[in-house]
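S.K.: Dropping the structure in here first, questions after.
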Amino acid sequence: MKILVINCGSSSLKYQLMDMDNESVLCKGAIERIGLKINGGEENVIIKTEQGKYTYDKELPTHTDAFNEVKYILSEGEHKVIDSFDEIDAIGHRFVQGGVKYTKSVLIDDEVVKTVEELSPLAPLHNPANLQGYKACLAVVGPDVPQVAVFDTAFHSTMPPKAYMYAVPYEYYEKYGVRRYGFHGTSHRYVSARVAKKMGRDISELKLITCHLGNGSSIAAVEYGKVIDTSMGFTPLDGFMMGTRSGGIDPSVVTFIEKKLNLTPDQMDKVLNKESGVNAISGVSSDDRDICKAQNEGNERASLAHEMQAYEIAKYIGSYIASMNGVDAIVFTGGIGENGFWLRSRVCSYFGYMGVKIDEELNKATVKGAEAELTDPSSKVRVFILATDEELTIARDTQDIVKSLKNKA
């Protein structure tokens, strides 16, 4: 079975074609700047196959045009990997916000589309873009190819009310759905299952803390296979400081700055989401590679940004250890989680009292995409670096739903 995985943004479309017989990637890539003018030399179409990486520029006015380009790339173009688009059995889509209704992946139909549209105020930048991707695929392949929605929020749906409720008037929860939802669920789900396998244990026996660290970051407490708490909340802004996001701050800071600078709510939202975090503290960049370089050159604000980030991450991990009354393993994943040896080392240094002692040489030597255990397997608390694979999780869910449809037929 061949599954195409689609992840759409407002002006981008990421794709990955997988052969589920052996879970291999046949082709992956991205189309960027959809609906935008392409300047000369700005290569916005990216293709990666076993033969190499290829790029070119092409103006694509709509997501439907972009998906048609994906169809051409995969089945017609110079770097095609299948003879016909008819070989694709199903399409799996990443959807960010499924609310309380969708606690698992579902076959997309008119009701799902309607519900996701209704949930768009909870994820205004993501849900409409995700739906654009679905509708673009539908316009090209028609209704006969099954399409599946895999929700970021679904894995976190096991949180108890004491974790997901906010201490604001209860009617805000009842009327507007104001509560903690959590995000990056597909990544947390993949690495928690993966680390259990690496440990040779059933996930139902383990207390795990998974740290998805990138430009956007979140941490989840996974107790016996179920999320009991996570750092992102009503939106992906909550939690600890990220590339350009502030993370959780005193709400009075928001109202104080709004009044002081006479900002509208939308302007304040931009400050917190786009102009804060590591970028604001360092004054250098939101990219961790740039922060590391500046820190090595003696930039004090870059060092402060890293120290704040590590400290806040450690506080979340510590609180989740308390909430689960212990932990068996801590997992680092995501771009920074896999690459940031300094951050991993600093975070782990806060847990020496629990016997956490990582192999620093191995920590420095591990590169993105690799898997490594940084502690001795006999350690009471084990620490791992694992590459996440959200696309594989989406493909697996899509395959399972398609197989169940065939069995019912």
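Identifiers for the structure tokens are assigned positionally: chains receive A, B, ... in sequence, residues are indexed from 1 per chain, and ligands are indexed from 1 in the order shown.
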So that I can see what lies close to Phe332 of chain A, please list as a PyMOL selection string the residues with an atom at most 8 Å from it, counting only C-alpha atoms and leaving out residues fewer than 3 positions away in the same chain.

M.R.: chain A and resi 210-213+337-338+344+383-386

S.K.: Enumerate, in order of chain and increasing residue number, the residues of segment 297-405 of chain A with an atom no farther than 12 Å from segment 269-287 of chain A, each with its shortest atom pair and distance in Å to one decimal, counting only C-alpha atoms, as CSV.

M.R.:
residue,atom,partner,partner_atom,distance
A:Gly298,CA,A:Ser282,CA,11.8
A:Asn299,CA,A:Ser282,CA,8.3
A:Glu300,CA,A:Ser282,CA,8.1
A:Arg301,CA,A:Ser282,CA,4.6
A:Ala302,CA,A:Ser282,CA,4.4
A:Ser303,CA,A:Ser282,CA,7.6
A:Leu304,CA,A:Ser282,CA,7.2
A:Ala305,CA,A:Val278,CA,5.5
A:His306,CA,A:Val278,CA,7.7
A:Glu307,CA,A:Val278,CA,10.3
A:Met308,CA,A:Val278,CA,8.8
A:Gln309,CA,A:Val278,CA,7.8
A:Ala310,CA,A:Val278,CA,11.3
A:Glu312,CA,A:Gly277,CA,11.8
A:Gly335,CA,A:Asp287,CA,10.2
A:Ile336,CA,A:Asp287,CA,9.3
A:Asn339,CA,A:Asp287,CA,11.8
A:Gly340,CA,A:Asp287,CA,11.2

S.K.: Those selected residues, please, written with C-alpha atoms and delivered as a compact mmCIF listing (two decimals), in the first residue's frame.

M.R.:
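Written output follows (part_30.txt):
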# COMPACT_ATOMS: atom_id res chain seq x y z
CA GLY A 298 31.15 35.07 24.19
CA ASN A 299 27.79 36.72 23.52
CA GLU A 300 26.25 37.07 27.00
CA ARG A 301 22.69 37.48 25.81
CA ALA A 302 22.96 34.33 23.71
CA SER A 303 24.22 32.49 26.80
CA LEU A 304 21.35 33.92 28.83
CA ALA A 305 18.82 32.74 26.23
CA HIS A 306 20.21 29.21 26.43
CA GLU A 307 20.33 29.23 30.22
CA MET A 308 16.73 30.46 30.44
CA GLN A 309 15.59 27.84 27.95
CA ALA A 310 17.33 24.99 29.78
CA GLU A 312 12.44 26.42 31.96
CA GLY A 335 15.45 19.76 15.56
CA ILE A 336 17.00 21.16 18.75
CA ASN A 339 21.05 18.56 17.56
CA GLY A 340 21.38 20.64 20.72

S.K.: Skipping near chain neighbours, those fewer than 5 positions away, what residues fall within 12 Å of Pro169 of chain A using only C-alpha atoms, listed as a list in words?

M.R.: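 Listing them by chain and then by number gives Glu174, Lys175, Tyr176, Gly177, Val178 and Arg179 of chain A.
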
S.K.: Counting only C-alpha atoms, which residue out of A:Thr244, A:Gln132, A:Thr158, A:Thr333 sits closest to Val113 of chain A?

M.R.: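 Once distances to Val113 of chain A are computed over only C-alpha atoms, the minimum belongs to A:Gln132.
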
S.K.: Do you have the atom CA of Asp288 of chain A-atom CA of Arg346 of chain A distance handy?

M.R.: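 Going from atom CA of Asp288 of chain A over to atom CA of Arg346 of chain A, I get 14.6 Å.
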
S.K.: Could the residues of segment 169-267 of chain A that have an atom at most 10 Å from segment 390-395 of chain A be listed as a tab-separated table, each with its closest atom pair and the distance in Å to one decimal, counting only C-alpha atoms and ordered by chain and ascending residue number?

M.R.:
residue	atom	partner	partner_atom	distance
A:His184	CA	A:Glu390	CA	8.9
A:Gly185	CA	A:Glu390	CA	9.1
A:Thr186	CA	A:Glu390	CA	5.6
A:Ser187	CA	A:Glu390	CA	5.3
A:His188	CA	A:Glu390	CA	8.9
A:Arg189	CA	A:Thr393	CA	8.3
A:Tyr190	CA	A:Thr393	CA	6.6
A:Val191	CA	A:Glu390	CA	9.3

S.K.: Got time to write the residues from that selection, C-alpha atoms, as a PDB file, in the first residue's frame?

M.R.:
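Heads up, here's the output in again.pdb:
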ATOM      1  CA  HIS A 184       2.905  18.105  18.720  1.00  0.00           C
ATOM      2  CA  GLY A 185       0.820  15.086  19.753  1.00  0.00           C
ATOM      3  CA  THR A 186       1.835  12.991  16.752  1.00  0.00           C
ATOM      4  CA  SER A 187       5.516  13.461  17.628  1.00  0.00           C
ATOM      5  CA  HIS A 188       5.012  12.736  21.340  1.00  0.00           C
ATOM      6  CA  ARG A 189       3.028   9.635  20.431  1.00  0.00           C
ATOM      7  CA  TYR A 190       5.714   8.337  18.074  1.00  0.00           C
ATOM      8  CA  VAL A 191       8.716   8.828  20.372  1.00  0.00           C
TER       9      VAL A 191
END

S.K.: Got a sec: who's within 12 Å of Gln97 of chain A, counting only C-alpha atoms, leaving out chain neighbours fewer than 3 positions off, as a compact mmCIF listing (two decimals) with all heavy atoms, in the first residue's frame?

M.R.:
# COMPACT_ATOMS: atom_id res chain seq x y z
N ARG A 94 -2.04 16.01 8.10
CA ARG A 94 -1.85 16.54 9.44
C ARG A 94 -2.87 17.65 9.67
O ARG A 94 -2.96 18.60 8.90
CB ARG A 94 -0.44 17.11 9.60
CG ARG A 94 -0.21 17.71 10.98
CD ARG A 94 0.83 18.80 10.96
NE ARG A 94 1.03 19.38 12.29
CZ ARG A 94 1.55 20.57 12.49
NH1 ARG A 94 1.95 21.31 11.48
NH2 ARG A 94 1.69 21.05 13.72
N VAL A 100 -12.28 18.58 21.36
CA VAL A 100 -12.58 17.43 22.22
C VAL A 100 -13.27 16.32 21.44
O VAL A 100 -13.41 15.21 21.92
CB VAL A 100 -13.49 17.86 23.41
CG1 VAL A 100 -12.75 18.85 24.30
CG2 VAL A 100 -14.81 18.45 22.92
N LYS A 101 -13.68 16.62 20.21
CA LYS A 101 -14.44 15.63 19.43
C LYS A 101 -13.55 14.54 18.86
O LYS A 101 -13.90 13.36 18.87
CB LYS A 101 -15.20 16.32 18.30
CG LYS A 101 -16.04 15.34 17.48
CD LYS A 101 -17.01 16.04 16.57
CE LYS A 101 -17.89 15.03 15.83
NZ LYS A 101 -18.91 15.70 14.98
N TYR A 102 -12.38 14.94 18.34
CA TYR A 102 -11.54 13.96 17.65
C TYR A 102 -10.38 13.53 18.53
O TYR A 102 -9.38 14.24 18.65
CB TYR A 102 -11.06 14.53 16.31
CG TYR A 102 -12.21 14.80 15.36
CD1 TYR A 102 -12.48 16.08 14.90
CD2 TYR A 102 -13.04 13.75 14.95
CE1 TYR A 102 -13.55 16.32 14.05
CE2 TYR A 102 -14.11 13.98 14.10
CZ TYR A 102 -14.36 15.26 13.66
OH TYR A 102 -15.42 15.49 12.82
N THR A 103 -10.53 12.38 19.14
CA THR A 103 -9.50 11.82 20.02
C THR A 103 -8.68 10.76 19.30
O THR A 103 -7.80 10.15 19.90
CB THR A 103 -10.14 11.22 21.27
OG1 THR A 103 -11.04 10.17 20.89
CG2 THR A 103 -10.91 12.29 22.04
N LYS A 104 -8.97 10.56 18.02
CA LYS A 104 -8.18 9.65 17.20
C LYS A 104 -8.33 10.08 15.74
O LYS A 104 -9.17 10.92 15.41
CB LYS A 104 -8.62 8.20 17.39
CG LYS A 104 -10.07 7.93 17.06
CD LYS A 104 -10.43 6.48 17.34
CE LYS A 104 -11.91 6.22 17.01
NZ LYS A 104 -12.27 4.80 17.29
N SER A 105 -7.54 9.48 14.89
CA SER A 105 -7.58 9.83 13.47
C SER A 105 -8.89 9.34 12.83
O SER A 105 -9.46 8.34 13.26
CB SER A 105 -6.38 9.21 12.75
OG SER A 105 -5.17 9.65 13.33
N VAL A 112 -16.63 15.95 9.05
CA VAL A 112 -15.30 16.28 9.58
C VAL A 112 -14.89 17.67 9.10
O VAL A 112 -14.38 18.49 9.88
CB VAL A 112 -14.27 15.22 9.16
CG1 VAL A 112 -12.86 15.66 9.54
CG2 VAL A 112 -14.59 13.87 9.78
N THR A 115 -16.76 20.29 11.08
CA THR A 115 -16.29 20.41 12.45
C THR A 115 -14.93 21.11 12.51
O THR A 115 -14.69 21.96 13.38
CB THR A 115 -16.19 19.02 13.11
OG1 THR A 115 -17.46 18.37 13.03
CG2 THR A 115 -15.78 19.14 14.58
N VAL A 116 -14.04 20.74 11.60
CA VAL A 116 -12.71 21.38 11.58
C VAL A 116 -12.84 22.87 11.29
O VAL A 116 -12.12 23.69 11.85
CB VAL A 116 -11.79 20.67 10.56
CG1 VAL A 116 -10.50 21.46 10.35
CG2 VAL A 116 -11.46 19.26 11.02
N GLU A 117 -13.77 23.22 10.41
CA GLU A 117 -14.03 24.65 10.14
C GLU A 117 -14.52 25.35 11.40
O GLU A 117 -14.10 26.47 11.71
CB GLU A 117 -15.04 24.79 9.01
CG GLU A 117 -14.48 24.47 7.63
CD GLU A 117 -15.53 24.47 6.54
OE1 GLU A 117 -16.74 24.35 6.89
OE2 GLU A 117 -15.17 24.56 5.35
N GLU A 118 -15.41 24.69 12.14
CA GLU A 118 -15.93 25.28 13.38
C GLU A 118 -14.85 25.45 14.44
O GLU A 118 -14.91 26.34 15.28
CB GLU A 118 -17.06 24.40 13.93
CG GLU A 118 -18.33 24.43 13.07
CD GLU A 118 -19.34 23.37 13.48
OE1 GLU A 118 -19.00 22.52 14.33
OE2 GLU A 118 -20.47 23.40 12.94
N LEU A 119 -13.83 24.58 14.38
CA LEU A 119 -12.72 24.64 15.34
C LEU A 119 -11.63 25.63 14.93
O LEU A 119 -10.69 25.86 15.68
CB LEU A 119 -12.09 23.25 15.51
CG LEU A 119 -12.94 22.19 16.23
CD1 LEU A 119 -12.32 20.81 16.06
CD2 LEU A 119 -13.10 22.53 17.70
N SER A 120 -11.77 26.23 13.76
CA SER A 120 -10.73 27.12 13.24
C SER A 120 -10.40 28.29 14.16
O SER A 120 -9.23 28.71 14.22
CB SER A 120 -11.11 27.63 11.85
OG SER A 120 -10.97 26.60 10.90
N PRO A 121 -11.36 28.86 14.91
CA PRO A 121 -10.98 29.94 15.84
C PRO A 121 -9.97 29.50 16.89
O PRO A 121 -9.24 30.34 17.44
CB PRO A 121 -12.32 30.31 16.49
CG PRO A 121 -13.34 29.97 15.47
CD PRO A 121 -12.82 28.71 14.82
N LEU A 122 -9.89 28.19 17.17
CA LEU A 122 -8.90 27.68 18.13
C LEU A 122 -7.53 27.49 17.50
O LEU A 122 -6.53 27.36 18.21
CB LEU A 122 -9.38 26.35 18.73
CG LEU A 122 -10.71 26.37 19.49
CD1 LEU A 122 -11.03 24.99 20.03
CD2 LEU A 122 -10.68 27.41 20.62
N ALA A 123 -7.47 27.46 16.16
CA ALA A 123 -6.19 27.33 15.45
C ALA A 123 -6.31 28.08 14.12
O ALA A 123 -6.30 27.48 13.05
CB ALA A 123 -5.85 25.86 15.21
N PRO A 124 -6.42 29.41 14.19
CA PRO A 124 -6.72 30.20 12.98
C PRO A 124 -5.65 30.16 11.91
O PRO A 124 -5.94 30.38 10.73
CB PRO A 124 -6.90 31.62 13.53
CG PRO A 124 -6.17 31.63 14.84
CD PRO A 124 -6.32 30.25 15.39
N LEU A 125 -4.40 29.90 12.28
CA LEU A 125 -3.33 29.84 11.29
C LEU A 125 -3.20 28.45 10.67
O LEU A 125 -2.63 28.30 9.59
CB LEU A 125 -1.99 30.24 11.93
CG LEU A 125 -1.90 31.66 12.49
CD1 LEU A 125 -0.52 31.88 13.12
CD2 LEU A 125 -2.15 32.69 11.39
N HIS A 126 -3.70 27.42 11.38
CA HIS A 126 -3.43 26.05 10.97
C HIS A 126 -4.63 25.32 10.36
O HIS A 126 -4.52 24.75 9.27
CB HIS A 126 -2.89 25.26 12.16
CG HIS A 126 -1.58 25.75 12.67
ND1 HIS A 126 -1.47 26.65 13.70
CD2 HIS A 126 -0.31 25.47 12.29
CE1 HIS A 126 -0.20 26.91 13.93
NE2 HIS A 126 0.53 26.21 13.09
N ASN A 127 -5.77 25.30 11.07
CA ASN A 127 -6.90 24.51 10.56
C ASN A 127 -7.36 24.93 9.17
O ASN A 127 -7.58 24.07 8.31
CB ASN A 127 -8.06 24.55 11.55
CG ASN A 127 -7.96 23.46 12.60
OD1 ASN A 127 -6.86 23.01 12.92
ND2 ASN A 127 -9.08 23.04 13.15
N PRO A 128 -7.50 26.23 8.87
CA PRO A 128 -7.89 26.60 7.50
C PRO A 128 -6.87 26.13 6.46
O PRO A 128 -7.25 25.69 5.37
CB PRO A 128 -7.96 28.13 7.56
CG PRO A 128 -8.27 28.43 9.00
CD PRO A 128 -7.48 27.40 9.77
N ALA A 129 -5.59 26.22 6.80
CA ALA A 129 -4.54 25.77 5.87
C ALA A 129 -4.60 24.25 5.68
O ALA A 129 -4.44 23.74 4.56
CB ALA A 129 -3.17 26.19 6.39
N ASN A 130 -4.82 23.53 6.78
CA ASN A 130 -4.94 22.07 6.68
C ASN A 130 -6.12 21.67 5.79
O ASN A 130 -6.02 20.74 4.98
CB ASN A 130 -5.12 21.45 8.07
CG ASN A 130 -3.99 21.75 9.03
OD1 ASN A 130 -4.18 21.80 10.24
ND2 ASN A 130 -2.77 21.98 8.51
N LEU A 131 -7.23 22.40 5.94
CA LEU A 131 -8.40 22.13 5.09
C LEU A 131 -8.12 22.46 3.63
O LEU A 131 -8.60 21.77 2.72
CB LEU A 131 -9.60 22.94 5.57
CG LEU A 131 -10.39 22.35 6.74
CD1 LEU A 131 -11.46 23.33 7.20
CD2 LEU A 131 -11.02 21.02 6.36
N ALA A 149 -7.65 12.37 8.36
CA ALA A 149 -7.16 13.46 9.20
C ALA A 149 -6.52 12.90 10.46
O ALA A 149 -7.13 12.10 11.17
CB ALA A 149 -8.31 14.40 9.58
N VAL A 150 -5.28 13.30 10.71
CA VAL A 150 -4.55 12.91 11.92
C VAL A 150 -4.30 14.18 12.72
O VAL A 150 -3.66 15.11 12.24
CB VAL A 150 -3.22 12.20 11.56
CG1 VAL A 150 -2.46 11.79 12.82
CG2 VAL A 150 -3.49 10.98 10.69
N PHE A 151 -4.83 14.23 13.94
CA PHE A 151 -4.87 15.47 14.72
C PHE A 151 -3.73 15.57 15.72
O PHE A 151 -3.46 14.63 16.48
CB PHE A 151 -6.21 15.57 15.45
CG PHE A 151 -7.39 15.66 14.54
CD1 PHE A 151 -8.10 14.52 14.18
CD2 PHE A 151 -7.79 16.88 14.02
CE1 PHE A 151 -9.19 14.60 13.33
CE2 PHE A 151 -8.88 16.97 13.17
CZ PHE A 151 -9.58 15.83 12.81
N ASP A 152 -3.09 16.75 15.75
CA ASP A 152 -2.03 17.04 16.73
C ASP A 152 -2.53 16.91 18.17
O ASP A 152 -1.79 16.54 19.07
CB ASP A 152 -1.52 18.48 16.55
CG ASP A 152 -0.37 18.56 15.57
OD1 ASP A 152 -0.09 17.56 14.90
OD2 ASP A 152 0.24 19.64 15.47
N THR A 153 -3.79 17.27 18.36
CA THR A 153 -4.35 17.32 19.71
C THR A 153 -4.79 15.95 20.24
O THR A 153 -5.01 15.80 21.44
CB THR A 153 -5.56 18.27 19.74
OG1 THR A 153 -6.45 17.92 18.66
CG2 THR A 153 -5.12 19.72 19.55
N ALA A 154 -4.95 14.98 19.35
CA ALA A 154 -5.59 13.72 19.73
C ALA A 154 -4.86 12.98 20.85
O ALA A 154 -5.48 12.48 21.79
CB ALA A 154 -5.73 12.81 18.51
N PHE A 155 -3.54 12.89 20.78
CA PHE A 155 -2.77 12.12 21.76
C PHE A 155 -2.90 12.71 23.16
O PHE A 155 -2.79 12.01 24.16
CB PHE A 155 -1.30 12.06 21.34
CG PHE A 155 -0.45 11.14 22.17
CD1 PHE A 155 -0.81 9.82 22.37
CD2 PHE A 155 0.73 11.59 22.75
CE1 PHE A 155 -0.01 8.96 23.14
CE2 PHE A 155 1.53 10.75 23.51
CZ PHE A 155 1.15 9.43 23.70
N HIS A 156 -3.19 14.02 23.22
CA HIS A 156 -3.30 14.69 24.51
C HIS A 156 -4.71 14.62 25.10
O HIS A 156 -4.95 15.16 26.18
CB HIS A 156 -2.89 16.16 24.38
CG HIS A 156 -1.49 16.36 23.88
ND1 HIS A 156 -0.37 15.90 24.56
CD2 HIS A 156 -1.01 16.98 22.77
CE1 HIS A 156 0.71 16.22 23.89
NE2 HIS A 156 0.35 16.88 22.81
N SER A 157 -5.62 13.96 24.40
CA SER A 157 -7.02 13.96 24.84
C SER A 157 -7.24 13.14 26.10
O SER A 157 -8.33 13.18 26.67
CB SER A 157 -7.91 13.41 23.71
OG SER A 157 -7.60 12.05 23.43
N GLY A 177 -14.83 26.70 24.71
CA GLY A 177 -13.81 25.65 24.63
C GLY A 177 -12.46 26.08 25.15
O GLY A 177 -11.42 25.56 24.70
N ARG A 180 -6.80 23.61 28.08
CA ARG A 180 -5.52 23.15 27.53
C ARG A 180 -5.79 22.02 26.53
O ARG A 180 -6.51 21.07 26.84
CB ARG A 180 -4.63 22.65 28.67
CG ARG A 180 -3.24 22.16 28.21
CD ARG A 180 -2.38 21.72 29.41
NE ARG A 180 -2.24 22.82 30.35
CZ ARG A 180 -1.38 23.82 30.22
NH1 ARG A 180 -0.58 23.86 29.16
NH2 ARG A 180 -1.32 24.79 31.11
N TYR A 181 -5.21 22.14 25.35
CA TYR A 181 -5.35 21.10 24.33
C TYR A 181 -4.03 20.35 24.09
O TYR A 181 -4.01 19.14 23.94
CB TYR A 181 -5.83 21.69 23.01
CG TYR A 181 -7.27 22.15 23.05
CD1 TYR A 181 -7.59 23.49 23.22
CD2 TYR A 181 -8.31 21.23 22.95
CE1 TYR A 181 -8.91 23.91 23.27
CE2 TYR A 181 -9.64 21.65 22.99
CZ TYR A 181 -9.93 22.98 23.16
OH TYR A 181 -11.23 23.40 23.22
N GLY A 182 -2.93 21.09 24.05
CA GLY A 182 -1.64 20.45 23.75
C GLY A 182 -1.46 20.26 22.25
O GLY A 182 -2.43 20.08 21.51
N PHE A 183 -0.21 20.29 21.81
CA PHE A 183 0.10 20.12 20.39
C PHE A 183 1.33 19.23 20.24
O PHE A 183 1.84 18.69 21.22
CB PHE A 183 0.29 21.50 19.74
CG PHE A 183 -0.95 22.36 19.87
CD1 PHE A 183 -1.13 23.19 20.97
CD2 PHE A 183 -1.96 22.28 18.93
CE1 PHE A 183 -2.29 23.94 21.11
CE2 PHE A 183 -3.12 23.03 19.06
CZ PHE A 183 -3.29 23.86 20.16
N HIS A 184 1.80 19.05 19.01
CA HIS A 184 2.91 18.10 18.72
C HIS A 184 2.54 16.68 19.13
O HIS A 184 3.41 15.85 19.35
CB HIS A 184 4.21 18.51 19.44
CG HIS A 184 4.79 19.80 19.01
ND1 HIS A 184 5.31 20.71 19.89
CD2 HIS A 184 4.94 20.34 17.78
CE1 HIS A 184 5.76 21.77 19.24
NE2 HIS A 184 5.54 21.57 17.96
N GLY A 185 1.24 16.39 19.23
CA GLY A 185 0.82 15.09 19.75
C GLY A 185 1.31 13.91 18.93
O GLY A 185 1.64 12.86 19.48
N THR A 186 1.39 14.09 17.61
CA THR A 186 1.84 12.99 16.75
C THR A 186 3.30 12.66 17.03
O THR A 186 3.69 11.48 17.04
CB THR A 186 1.64 13.36 15.27
OG1 THR A 186 0.31 13.83 15.08
CG2 THR A 186 1.86 12.16 14.38
N GLY A 233 -0.78 24.82 25.58
CA GLY A 233 -2.10 24.89 26.18
C GLY A 233 -3.23 25.11 25.22
O GLY A 233 -3.49 24.29 24.33
N PHE A 234 -3.96 26.20 25.39
CA PHE A 234 -5.06 26.58 24.51
C PHE A 234 -4.55 26.80 23.10
O PHE A 234 -5.23 26.50 22.12
CB PHE A 234 -5.70 27.85 25.07
CG PHE A 234 -6.88 28.37 24.29
CD1 PHE A 234 -8.04 27.62 24.16
CD2 PHE A 234 -6.83 29.63 23.69
CE1 PHE A 234 -9.13 28.11 23.44
CE2 PHE A 234 -7.91 30.12 22.99
CZ PHE A 234 -9.07 29.37 22.86
N THR A 235 -3.33 27.31 23.01
CA THR A 235 -2.64 27.50 21.73
C THR A 235 -1.19 27.04 21.89
O THR A 235 -0.73 26.77 23.00
CB THR A 235 -2.62 28.99 21.30
OG1 THR A 235 -1.71 29.70 22.14
CG2 THR A 235 -4.01 29.59 21.39
N PRO A 236 -0.44 26.97 20.79
CA PRO A 236 0.98 26.59 20.89
C PRO A 236 1.88 27.66 21.51
O PRO A 236 3.09 27.49 21.56
CB PRO A 236 1.38 26.34 19.42
CG PRO A 236 0.11 26.07 18.71
CD PRO A 236 -0.90 26.94 19.38

S.K.: Between atom CA of Thr55 of chain A and atom CA of Glu43 of chain A, what distance in Å does the model show, to one decimal?

M.R.: 5.9 Å

S.K.: Taking the chain letters and numbering used in this document, name the residues of segment 282-404 of chain A that DSSP puts in alpha helix (DSSP H), as a ChimeraX atom specification.

M.R.: /A:282,288-296,300-324,334-339,341-349,360-365,390-404

S.K.: Any idea what's packed within 7 Å of segment 237-239 of chain A, counting only C-alpha atoms, ignoring anything in its chain fewer than 3 positions away? Could you give it as number ranges by chain?

M.R.: A: 218, 231-233, 245-248, 273

S.K.: Record the distance separating atom CA of Ala220 of chain A and atom CA of Tyr173 of chain A, expressed in Å with one decimal.

M.R.: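 Straight-line distance from atom CA of Ala220 of chain A to atom CA of Tyr173 of chain A works out to 22.1 Å.
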
S.K.: Could you give me the residues within segment 210-253 of chain A that DSSP places in strand (DSSP E or B), as a ChimeraX atom specification?

M.R.: /A:210-212,218-223,226-230

S.K.: Please produce a file of those selected residues containing C-alpha atoms, as a CSV table (one decimal), in the first residue's frame.

M.R.:
chain,number,residue,atom,x,y,z
A,210,THR,CA,9.0,13.4,26.0
A,211,CYS,CA,10.6,16.7,25.0
A,212,HIS,CA,9.9,17.9,21.4
A,218,SER,CA,6.5,21.2,24.0
A,219,ILE,CA,6.9,18.6,26.7
A,220,ALA,CA,4.5,15.8,27.6
A,221,ALA,CA,4.1,13.6,30.6
A,222,VAL,CA,3.1,10.1,29.3
A,223,GLU,CA,2.1,7.8,32.2
A,226,LYS,CA,-1.5,8.1,28.2
A,227,VAL,CA,-0.7,11.8,28.3
A,228,ILE,CA,-1.6,13.3,31.7
A,229,ASP,CA,-0.2,16.8,31.1
A,230,THR,CA,1.6,18.8,28.4

S.K.: Using only C-alpha atoms, pick whichever of A:Lys380, A:Lys135, A:Lys315, A:Lys80 has the shortest atom-to-atom distance to Asp328 of chain A.

M.R.: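 Smallest distance to Asp328 of chain A is found for A:Lys380.
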
S.K.: Got a sec: who's within 6 Å of segment 5-15 of chain A, counting only C-alpha atoms, leaving out chain neighbours fewer than 5 positions off, as a JSON list (two decimals) with C-alpha atoms, in the first residue's frame?

M.R.:
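Now in around-v3.json:
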[["chain", "number", "residue", "atom", "x", "y", "z"],
["A", 28, "LYS", "CA", 9.46, 13.68, -0.05],
["A", 29, "GLY", "CA", 9.74, 17.41, -0.35],
["A", 30, "ALA", "CA", 7.93, 20.71, -0.14],
["A", 31, "ILE", "CA", 6.38, 23.46, -2.20],
["A", 32, "GLU", "CA", 6.77, 26.89, -0.65],
["A", 33, "ARG", "CA", 5.50, 30.42, -1.39],
["A", 34, "ILE", "CA", 2.16, 29.20, -2.76],
["A", 91, "ILE", "CA", -3.77, 10.37, 1.54],
["A", 92, "GLY", "CA", -3.08, 11.23, 5.18],
["A", 93, "HIS", "CA", -3.25, 14.84, 6.38],
["A", 94, "ARG", "CA", -1.85, 16.54, 9.44],
["A", 129, "ALA", "CA", -4.54, 25.77, 5.87],
["A", 130, "ASN", "CA", -4.94, 22.07, 6.68],
["A", 133, "GLY", "CA", -4.67, 20.85, 1.61]]

S.K.: Write out as a PyMOL selection string each polymer residue whose atoms come within 10 Å of Ala193 of chain A, counting only C-alpha atoms; drop sequence neighbours fewer than 6 positions from it.

M.R.: chain A and resi 201-204+208+225

S.K.: Go ahead and write the residues just picked, all heavy atoms, as a compact mmCIF listing (two decimals), in the first residue's frame.

M.R.:
# COMPACT_ATOMS: atom_id res chain seq x y z
N ARG A 201 10.32 -2.63 26.88
CA ARG A 201 9.24 -2.63 27.86
C ARG A 201 7.92 -2.30 27.17
O ARG A 201 7.88 -1.66 26.12
CB ARG A 201 9.51 -1.58 28.95
CG ARG A 201 10.81 -1.73 29.71
CD ARG A 201 10.68 -2.62 30.91
NE ARG A 201 9.70 -2.14 31.87
CZ ARG A 201 9.94 -1.21 32.78
NH1 ARG A 201 11.13 -0.62 32.85
NH2 ARG A 201 8.99 -0.86 33.65
N ASP A 202 6.84 -2.71 27.79
CA ASP A 202 5.52 -2.30 27.32
C ASP A 202 5.26 -0.88 27.80
O ASP A 202 5.52 -0.57 28.96
CB ASP A 202 4.45 -3.25 27.85
CG ASP A 202 3.11 -3.06 27.14
OD1 ASP A 202 2.53 -1.97 27.27
OD2 ASP A 202 2.68 -4.00 26.45
N ILE A 203 4.75 -0.02 26.91
CA ILE A 203 4.53 1.37 27.28
C ILE A 203 3.56 1.50 28.45
O ILE A 203 3.59 2.47 29.21
CB ILE A 203 4.05 2.19 26.06
CG1 ILE A 203 4.19 3.69 26.34
CG2 ILE A 203 2.63 1.81 25.66
CD1 ILE A 203 3.98 4.57 25.13
N SER A 204 2.69 0.50 28.62
CA SER A 204 1.72 0.54 29.71
C SER A 204 2.37 0.37 31.08
O SER A 204 1.71 0.53 32.11
CB SER A 204 0.66 -0.55 29.52
OG SER A 204 1.25 -1.84 29.59
N LEU A 208 7.01 8.25 31.25
CA LEU A 208 7.92 8.87 30.29
C LEU A 208 7.70 10.37 30.22
O LEU A 208 6.57 10.86 30.39
CB LEU A 208 7.69 8.28 28.89
CG LEU A 208 7.76 6.76 28.76
CD1 LEU A 208 7.25 6.32 27.39
CD2 LEU A 208 9.18 6.27 28.99
N GLY A 225 1.40 5.08 28.91
CA GLY A 225 0.90 5.19 27.54
C GLY A 225 -0.09 6.30 27.30
O GLY A 225 -0.52 6.51 26.16

S.K.: When distances are computed from only C-alpha atoms, which of A:Glu78, A:Pro377, A:Met18, A:Val331 shows the smallest separation from Gly200 of chain A?

M.R.: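 Closest to Gly200 of chain A of all the choices is A:Pro377.
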